[in-house]
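Structure file structure-v4.csv; described as CSV, C-alpha atoms and all ligand atoms.
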```csv
chain,number,residue,atom,x,y,z
A,1,MET,CA,-7.0,-12.2,-12.8
A,2,ARG,CA,-3.6,-14.0,-12.8
A,3,HIS,CA,-1.4,-11.3,-11.3
A,4,LEU,CA,-1.8,-8.3,-9.1
A,5,LEU,CA,0.5,-5.6,-10.5
A,6,SER,CA,-1.5,-2.4,-10.5
A,7,THR,CA,-4.8,-1.3,-8.9
A,8,GLY,CA,-5.5,0.3,-12.4
A,9,ASP,CA,-6.0,-3.2,-13.7
A,10,LEU,CA,-8.9,-3.9,-11.4
A,11,THR,CA,-12.5,-3.3,-12.3
A,12,ARG,CA,-14.9,-2.1,-9.7
A,13,ASP,CA,-16.4,-5.6,-9.3
A,14,GLU,CA,-12.9,-7.2,-8.9
A,15,ALA,CA,-11.9,-4.6,-6.3
A,16,VAL,CA,-15.1,-5.1,-4.4
A,17,LEU,CA,-14.7,-8.9,-4.6
A,18,ILE,CA,-11.3,-8.6,-3.0
A,19,LEU,CA,-12.6,-6.4,-0.2
A,20,ASP,CA,-15.6,-8.7,0.5
A,21,THR,CA,-13.3,-11.8,0.5
A,22,ALA,CA,-11.0,-10.1,3.0
A,23,ALA,CA,-14.0,-9.3,5.2
A,24,GLU,CA,-14.9,-13.0,5.2
A,25,LEU,CA,-11.3,-14.2,5.8
A,26,ALA,CA,-10.9,-11.7,8.7
A,27,GLN,CA,-13.0,-14.1,10.8
A,28,VAL,CA,-10.2,-16.6,10.7
A,29,GLY,CA,-8.1,-14.2,12.8
A,30,ASP,CA,-10.7,-14.4,15.6
A,31,ARG,CA,-10.5,-18.2,15.9
A,32,SER,CA,-8.2,-20.0,18.4
A,33,VAL,CA,-6.8,-22.0,15.4
A,34,LYS,CA,-6.1,-19.3,12.8
A,35,LYS,CA,-5.7,-21.6,9.8
A,36,LEU,CA,-7.6,-22.7,6.7
A,37,PRO,CA,-6.5,-25.6,4.4
A,38,THR,CA,-7.2,-23.6,1.2
A,39,LEU,CA,-3.7,-23.3,-0.2
A,40,ARG,CA,-2.2,-26.5,1.2
A,41,GLY,CA,0.4,-27.8,-1.2
A,42,ARG,CA,1.0,-24.3,-2.8
A,43,THR,CA,4.3,-22.5,-2.4
A,44,VAL,CA,4.5,-18.7,-2.0
A,45,VAL,CA,7.9,-17.0,-2.4
A,46,ASN,CA,8.4,-13.6,-0.7
A,47,LEU,CA,11.1,-11.9,-2.9
A,48,PHE,CA,12.2,-8.7,-1.2
A,49,TYR,CA,14.9,-6.5,-2.7
A,50,GLU,CA,13.9,-3.6,-0.5
A,51,ASP,CA,13.4,-3.4,3.3
A,52,SER,CA,9.9,-4.0,4.7
A,53,THR,CA,8.3,-4.6,8.1
A,54,ARG,CA,4.5,-4.6,7.4
A,55,THR,CA,4.2,-6.0,3.9
A,56,ARG,CA,6.6,-8.9,4.1
A,57,THR,CA,5.4,-10.1,7.5
A,58,SER,CA,1.7,-9.8,6.7
A,59,PHE,CA,2.1,-11.6,3.3
A,60,GLU,CA,3.9,-14.4,5.3
A,61,ILE,CA,1.2,-14.6,8.0
A,62,ALA,CA,-1.5,-14.5,5.3
A,63,ALA,CA,0.0,-17.3,3.3
A,64,LYS,CA,0.6,-19.4,6.4
A,65,ARG,CA,-3.0,-18.8,7.6
A,66,LEU,CA,-4.1,-20.4,4.3
A,67,SER,CA,-1.7,-23.3,4.8
A,68,ALA,CA,0.7,-22.4,1.9
A,69,ASP,CA,4.4,-23.2,2.2
A,70,VAL,CA,6.3,-19.9,2.5
A,71,VAL,CA,9.8,-19.1,1.4
A,72,ASN,CA,11.3,-15.8,2.4
A,73,PHE,CA,14.0,-14.5,0.1
A,74,SER,CA,15.7,-11.2,0.7
A,75,ALA,CA,18.4,-9.8,-1.6
A,76,LYS,CA,20.7,-9.3,1.4
A,77,GLY,CA,22.4,-12.6,2.0
A,78,SER,CA,21.5,-14.1,-1.3
A,79,SER,CA,23.4,-14.6,-4.6
A,80,VAL,CA,22.1,-11.2,-5.7
A,81,SER,CA,25.1,-9.9,-3.9
A,82,LYS,CA,27.3,-12.0,-6.4
A,83,GLY,CA,25.6,-10.3,-9.4
A,84,GLU,CA,22.7,-12.6,-10.1
A,85,SER,CA,20.0,-10.8,-12.1
A,86,LEU,CA,16.3,-10.5,-11.2
A,87,LYS,CA,15.4,-12.8,-14.1
A,88,ASP,CA,17.8,-15.6,-13.1
A,89,THR,CA,16.7,-15.3,-9.5
A,90,ALA,CA,13.1,-15.6,-10.6
A,91,LEU,CA,13.8,-18.6,-12.9
A,92,THR,CA,15.7,-20.3,-10.0
A,93,LEU,CA,12.7,-19.8,-7.7
A,94,GLN,CA,10.3,-21.0,-10.3
A,95,ALA,CA,12.4,-24.2,-10.9
A,96,MET,CA,11.9,-24.9,-7.2
A,97,GLY,CA,8.1,-24.8,-7.7
A,98,ALA,CA,6.9,-21.3,-6.7
A,99,ASP,CA,3.1,-21.0,-7.4
A,100,GLY,CA,3.1,-17.3,-6.4
A,101,VAL,CA,5.9,-14.7,-6.1
A,102,VAL,CA,5.4,-11.6,-3.9
A,103,ILE,CA,8.0,-9.0,-5.1
A,104,ARG,CA,9.2,-5.7,-3.7
A,105,HIS,CA,11.9,-4.0,-5.7
A,106,SER,CA,13.4,-0.5,-6.0
A,107,ALA,CA,12.9,-0.5,-9.8
A,108,SER,CA,9.5,0.8,-11.1
A,109,GLY,CA,8.2,-1.9,-13.4
A,110,ALA,CA,10.1,-4.8,-11.8
A,111,ALA,CA,6.8,-6.7,-11.0
A,112,HIS,CA,5.6,-6.4,-14.6
A,113,ARG,CA,9.0,-7.7,-15.9
A,114,LEU,CA,8.8,-10.7,-13.5
A,115,ALA,CA,5.3,-11.5,-14.7
A,116,ASN,CA,6.7,-12.1,-18.2
A,117,TRP,CA,9.3,-14.5,-16.9
A,118,VAL,CA,7.5,-16.8,-14.4
A,119,ASP,CA,4.5,-19.2,-14.8
A,120,GLY,CA,3.0,-18.5,-11.4
A,121,SER,CA,1.1,-15.5,-10.1
A,122,VAL,CA,3.1,-12.3,-9.4
A,123,LEU,CA,1.9,-10.0,-6.6
A,124,ASN,CA,3.4,-6.5,-6.6
A,125,ALA,CA,4.5,-5.6,-3.0
A,126,GLY,CA,5.9,-2.2,-4.1
A,127,ASP,CA,7.9,-1.4,-7.2
A,128,GLY,CA,10.0,1.8,-7.0
A,129,THR,CA,7.9,4.9,-7.1
A,130,HIS,CA,5.3,3.1,-9.2
A,131,GLU,CA,2.6,1.1,-7.3
A,132,HIS,CA,1.8,-0.7,-4.1
A,133,PRO,CA,-1.6,-2.3,-4.9
A,134,THR,CA,-2.1,-4.3,-1.7
A,135,GLN,CA,-1.5,-1.2,0.4
A,136,ALA,CA,-4.2,0.6,-1.5
A,137,LEU,CA,-6.6,-2.3,-1.2
A,138,LEU,CA,-6.0,-2.6,2.6
A,139,ASP,CA,-6.5,1.2,2.9
A,140,ALA,CA,-9.8,1.0,1.0
A,141,TYR,CA,-10.8,-1.9,3.2
A,142,THR,CA,-10.0,0.1,6.3
A,143,VAL,CA,-12.0,3.2,5.1
A,144,ARG,CA,-15.0,1.0,4.3
A,145,ALA,CA,-14.8,-0.7,7.7
A,146,ARG,CA,-14.6,2.6,9.5
A,147,LEU,CA,-17.0,4.8,7.5
A,148,GLY,CA,-19.2,2.2,5.9
A,149,ARG,CA,-18.7,3.2,2.3
A,150,LEU,CA,-16.3,4.5,-0.3
A,151,GLU,CA,-18.7,5.9,-2.9
A,152,GLY,CA,-18.7,9.7,-2.6
A,153,LEU,CA,-16.2,10.1,0.1
A,154,ARG,CA,-13.6,12.9,-0.1
A,155,VAL,CA,-10.1,11.6,0.4
A,156,ALA,CA,-7.0,13.8,0.8
A,157,ILE,CA,-3.6,12.2,0.2
A,158,VAL,CA,-0.9,14.5,1.7
A,159,GLY,CA,2.8,14.7,1.4
A,160,ASP,CA,5.5,13.2,-0.8
A,161,ILE,CA,3.4,12.2,-3.8
A,162,LEU,CA,6.4,12.4,-6.2
A,163,HIS,CA,8.2,9.4,-4.6
A,164,SER,CA,5.1,7.5,-3.4
A,165,ARG,CA,3.8,4.3,-4.9
A,166,VAL,CA,1.1,4.3,-2.3
A,167,ALA,CA,-0.4,7.5,-3.7
A,168,ARG,CA,-0.7,6.3,-7.3
A,169,SER,CA,-2.2,3.0,-6.3
A,170,ASN,CA,-4.7,4.7,-4.0
A,171,VAL,CA,-5.7,7.3,-6.6
A,172,LEU,CA,-6.4,4.6,-9.1
A,173,LEU,CA,-8.3,2.3,-6.7
A,174,LEU,CA,-10.3,4.9,-4.8
A,175,THR,CA,-11.6,6.6,-8.0
A,176,THR,CA,-12.6,3.2,-9.4
A,177,LEU,CA,-14.6,2.7,-6.1
A,178,GLY,CA,-16.3,6.1,-6.4
A,179,ALA,CA,-14.3,8.3,-4.0
A,180,HIS,CA,-13.1,11.8,-4.8
A,181,VAL,CA,-9.3,12.2,-4.3
A,182,THR,CA,-7.3,15.5,-3.7
A,183,LEU,CA,-3.6,15.3,-3.6
A,184,VAL,CA,-2.0,17.9,-1.3
A,185,ALA,CA,1.7,18.6,-1.5
A,186,PRO,CA,4.3,21.3,-2.2
A,187,PRO,CA,4.8,21.8,-6.0
A,188,THR,CA,8.3,20.2,-5.7
A,189,LEU,CA,6.8,16.9,-4.4
A,190,LEU,CA,4.2,16.4,-7.2
A,191,PRO,CA,5.0,14.5,-10.4
A,192,VAL,CA,5.0,16.6,-13.6
A,193,SER,CA,2.3,14.3,-15.1
A,194,VAL,CA,-0.1,14.8,-12.1
A,195,HIS,CA,-2.6,16.7,-14.3
A,196,THR,CA,-3.3,13.4,-16.1
A,197,TRP,CA,-4.2,11.6,-12.8
A,198,PRO,CA,-8.0,11.3,-12.1
A,199,CYS,CA,-7.9,13.6,-9.1
A,200,GLU,CA,-7.6,17.2,-7.9
A,201,VAL,CA,-4.5,18.9,-6.6
A,202,SER,CA,-4.0,21.5,-3.9
A,203,TYR,CA,-1.0,23.1,-2.2
A,204,ASP,CA,-3.0,24.2,0.8
A,205,LEU,CA,-3.6,21.6,3.5
A,206,ASP,CA,-5.6,23.9,5.8
A,207,ASP,CA,-8.0,24.6,2.9
A,208,VAL,CA,-8.6,20.8,2.2
A,209,LEU,CA,-8.8,19.4,5.8
A,210,PRO,CA,-12.3,20.7,6.7
A,211,LYS,CA,-13.7,19.2,3.4
A,212,SER,CA,-12.1,15.7,3.9
A,213,ASP,CA,-13.6,12.5,5.2
A,214,VAL,CA,-10.3,10.7,5.1
A,215,VAL,CA,-6.8,12.2,5.3
A,216,MET,CA,-3.9,9.9,4.3
A,217,MET,CA,-0.5,11.1,5.4
A,218,LEU,CA,2.6,10.0,3.5
A,219,ARG,CA,6.1,9.7,4.7
A,220,VAL,CA,8.7,11.8,3.0
A,221,GLN,CA,10.8,9.2,1.2
A,222,ALA,CA,14.3,10.5,1.9
A,223,GLU,CA,15.8,7.3,0.6
A,224,ARG,CA,14.5,8.1,-2.9
A,225,MET,CA,15.5,11.8,-2.9
A,226,HIS,CA,18.7,12.9,-4.7
A,227,ALA,CA,18.0,16.6,-4.3
A,228,SER,CA,16.5,19.1,-1.9
A,229,PHE,CA,12.7,19.3,-2.2
A,230,PHE,CA,11.9,21.6,0.8
A,231,PRO,CA,13.9,24.0,2.9
A,232,SER,CA,13.8,22.1,6.3
A,233,VAL,CA,11.9,19.5,8.2
A,234,ARG,CA,10.4,22.2,10.4
A,235,GLU,CA,9.1,24.1,7.4
A,236,TYR,CA,7.7,20.9,5.8
A,237,SER,CA,5.9,20.0,9.0
A,238,ARG,CA,4.4,23.5,9.3
A,239,GLY,CA,3.0,23.3,5.8
A,240,TYR,CA,2.2,19.6,5.3
A,241,GLY,CA,2.3,17.9,8.7
A,242,ILE,CA,-0.8,17.0,10.8
A,243,ASP,CA,-1.0,17.9,14.5
A,244,GLY,CA,-3.7,18.2,17.1
A,245,ALA,CA,-4.7,21.7,15.9
A,246,ARG,CA,-5.2,20.5,12.3
A,247,LEU,CA,-7.0,17.4,13.4
A,248,ALA,CA,-9.5,19.6,15.3
A,249,ARG,CA,-10.3,21.4,12.0
A,250,MET,CA,-11.4,18.1,10.3
A,251,PRO,CA,-15.0,17.0,10.3
A,252,GLU,CA,-15.9,15.1,13.5
A,253,ASP,CA,-16.1,11.6,12.0
A,254,ALA,CA,-13.1,12.1,9.6
A,255,ILE,CA,-10.2,9.7,10.0
A,256,VAL,CA,-6.4,10.0,9.6
A,257,MET,CA,-4.5,7.2,7.9
A,258,HIS,CA,-0.9,6.4,7.3
A,259,PRO,CA,0.6,3.4,5.4
A,260,GLY,CA,3.6,3.3,7.8
A,261,PRO,CA,6.4,3.6,8.6
A,262,MET,CA,5.6,6.9,10.3
A,263,VAL,CA,8.1,9.6,11.1
A,264,ARG,CA,6.5,11.1,14.2
A,265,GLY,CA,7.1,14.8,14.5
A,266,MET,CA,7.5,15.2,10.7
A,267,GLU,CA,4.4,14.4,8.7
A,268,ILE,CA,2.3,13.4,11.8
A,269,SER,CA,2.6,14.4,15.4
A,270,ALA,CA,2.6,11.8,18.2
A,271,GLU,CA,-0.7,13.2,19.5
A,272,VAL,CA,-2.4,12.4,16.1
A,273,ALA,CA,-0.6,9.1,15.6
A,274,ASP,CA,-1.9,7.9,19.0
A,275,SER,CA,-5.4,9.3,18.6
A,276,PRO,CA,-8.4,6.9,18.2
A,277,ARG,CA,-9.1,8.8,14.9
A,278,CYS,CA,-5.8,7.5,13.4
A,279,THR,CA,-6.2,4.1,11.8
A,280,VAL,CA,-2.5,3.1,11.4
A,281,VAL,CA,-2.7,0.0,13.6
A,282,GLU,CA,-6.0,-1.1,12.1
A,283,GLN,CA,-4.5,-0.8,8.6
A,284,VAL,CA,-1.7,-3.2,9.6
A,285,ALA,CA,-4.3,-5.7,11.0
A,286,ASN,CA,-6.5,-5.4,7.9
A,287,GLY,CA,-3.4,-6.0,5.8
A,288,VAL,CA,-3.3,-9.6,6.8
A,289,SER,CA,-6.9,-10.3,5.8
A,290,LEU,CA,-6.5,-8.4,2.6
A,291,ARG,CA,-3.4,-10.3,1.6
A,292,MET,CA,-5.1,-13.6,2.5
A,293,ALA,CA,-7.9,-12.5,0.1
A,294,VAL,CA,-5.6,-11.8,-2.8
A,295,LEU,CA,-3.5,-15.0,-2.3
A,296,TYR,CA,-6.8,-17.0,-2.1
A,297,LEU,CA,-8.2,-15.4,-5.2
A,298,LEU,CA,-5.0,-15.7,-7.3
A,299,LEU,CA,-3.8,-19.0,-6.2
A,300,GLY,CA,-6.7,-21.0,-4.9
A,301,GLY,CA,-10.0,-19.3,-5.4
A,302,SER,CA,-12.7,-19.9,-8.0
B,401,LIG,N1,3.4,0.3,4.2
B,401,LIG,C1,4.5,-0.5,3.9
B,401,LIG,O1,4.6,-0.9,2.7
B,401,LIG,O2,5.3,-0.8,5.0
B,401,LIG,P1,6.6,-1.6,4.9
B,401,LIG,O3,7.6,-0.9,4.0
B,401,LIG,O4,7.1,-1.8,6.3
B,401,LIG,O5,6.3,-2.9,4.2
```

What is this structure when it is put down as structure tokens?
Ligand code: CP
Amino acid sequence: MRHLLSTGDLTRDEAVLILDTAAELAQVGDRSVKKLPTLRGRTVVNLFYEDSTRTRTSFEIAAKRLSADVVNFSAKGSSVSKGESLKDTALTLQAMGADGVVIRHSASGAAHRLANWVDGSVLNAGDGTHEHPTQALLDAYTVRARLGRLEGLRVAIVGDILHSRVARSNVLLLTTLGAHVTLVAPPTLLPVSVHTWPCEVSYDLDDVLPKSDVVMMLRVQAERMHASFFPSVREYSRGYGIDGARLARMPEDAIVMHPGPMVRGMEISAEVADSPRCTVVEQVANGVSLRMAVLYLLLGGS
């Protein structure tokens, strides 16, 4: 494995190796000195053309915990504003000795393009509406840590599937790992090709909730919408938001997940977001260990 572009590229064994490696590296976070020398002398560039809180900071912390040198590049304030292309930006960073490039871009396929231009490893940190592989991996890690397994679990992914890179990466990874996935959304927020995805589809959240071990709520991606996809926020929440009453209809051990950022009061109520059954903060913590694992396996592992 040279790049991490799509969870669809991972075999079951490769995905399990990443999760197991993350579990071992998580112990570094419990030490007083949270550092390993593994990637000393390696340079990781965080190349972010879109905003990020969780992904960028956790990739930076992960690389630093492995002793890599980290360069944070954001399109705002760079020569991108003068018209420099992604290719020329990438070649410039490569000329400075980047061993790994973590890229987030608004264009679907940007990470794949980059992988053709640079010699180092490319890690897709979210490309348009296409994929967000490390998010799916940290989600799978969190489910396994909470529920002890992935095989046979019933996972509902709820909300704006159409504009979500998290949904596609999760469907591909979770089915590889033996889970059964149901997408739940209004018809307007499902891709036309959804029948080709390896999962079921429902329009009825209340029907799916009692049969789910894991419910992943997705944010409505208003920044990617160029039309009206539902009548009002209130109507969306009534059909596809989770609140205390809906949480009570889920099996006792079932968990609620959210990749963040959450919009409280829309897809998730404050009561559910702050509930011990919601894993949103654990997901962020697990994201550091998971990103350490992929950096280690791509840049320094054997
Ligand atoms: N989940 C996620 O990708 O969050 P950020 O946009 O803050 O990185």

message: Using all atoms listed in the file, which protein or nucleic acid residues come within 6 Å of stretch 56-68 of chain A? Drop anything in the same chain fewer than 2 positions from it, and give the result as a PyMOL selection string.
response: chain A and resi 35-40+42-43+52+54+288+291-292

field: Expected selection as an NGL selection string for ligand LIG 401 (chain B) within 7 Å, all atoms listed in the file
entry: :A and (51-56 or 135 or 259-261)

How would the residues just chosen look if you wrote them out with C-alpha atoms as a short mmCIF file (atom, residue, chain, number, x, y, z; two decimals), keeping the file's coordinate frame?
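As written to disk, again21.cif reads:
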```
data_model
loop_
_atom_site.label_atom_id
_atom_site.label_comp_id
_atom_site.auth_asym_id
_atom_site.auth_seq_id
_atom_site.Cartn_x
_atom_site.Cartn_y
_atom_site.Cartn_z
CA ASP A 51 13.40 -3.40 3.30
CA SER A 52 9.90 -4.00 4.70
CA THR A 53 8.30 -4.60 8.10
CA ARG A 54 4.50 -4.60 7.40
CA THR A 55 4.20 -6.00 3.90
CA ARG A 56 6.60 -8.90 4.10
CA GLN A 135 -1.50 -1.20 0.40
CA PRO A 259 0.60 3.40 5.40
CA GLY A 260 3.60 3.30 7.80
CA PRO A 261 6.40 3.60 8.60
#
```

query: Could you work out how far atom CA of A:Val220 lies from atom CA of A:Ala75, giving the answer in Å with one decimal?
result: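 Those two atoms sit 24.1 Å apart.
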
field: Residue nearest A:Arg219 among A:Thr279, A:Thr176, A:Thr188, A:Ser164 (counting all atoms listed in the file)
entry: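 Among the listed residues, the smallest separation from A:Arg219 belongs to A:Ser164.
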
query: In terms of the shortest atom-to-atom distance over only C-alpha atoms, which of A:Pro210, A:Lys34, A:Ile242, A:Leu137 is closest to A:Val284?
result: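 Of A:Pro210, A:Lys34, A:Ile242, A:Leu137, the one nearest A:Val284 is A:Leu137, counting only C-alpha atoms.
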
query: What separation in Å, quoted to one decimal, exists between atom CA of A:Met262 and atom CA of A:Asp160?
result: 12.8 Å

Surrounding residues of A:Leu297 excluding itself and chain neighbours under 3 positions, 12 Å, all atoms listed in the file, as a ChimeraX atom specification: /A:1-4,14-15,17-22,25,38-39,63,66,100,121,123,290-294,300-302

task: Select, from A:Asn286, A:Asn124, A:Thr92, A:Ser269, the residue with the minimum atom-to-atom distance to A:Thr7, counting all atoms listed in the file.
output: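 With all atoms listed in the file as the atom set, the closest residue is A:Asn124.
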
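Taking all atoms listed in the file into account, A:Val155 lies nearest to A:Val256 out of the set A:Val256, A:Val122, A:Leu295, A:Leu138.
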
- line: Using only C-alpha atoms, the best pick from A:Val184, A:Met96, A:Leu86, A:Ala111 as closest to A:Gly241 would be A:Val184
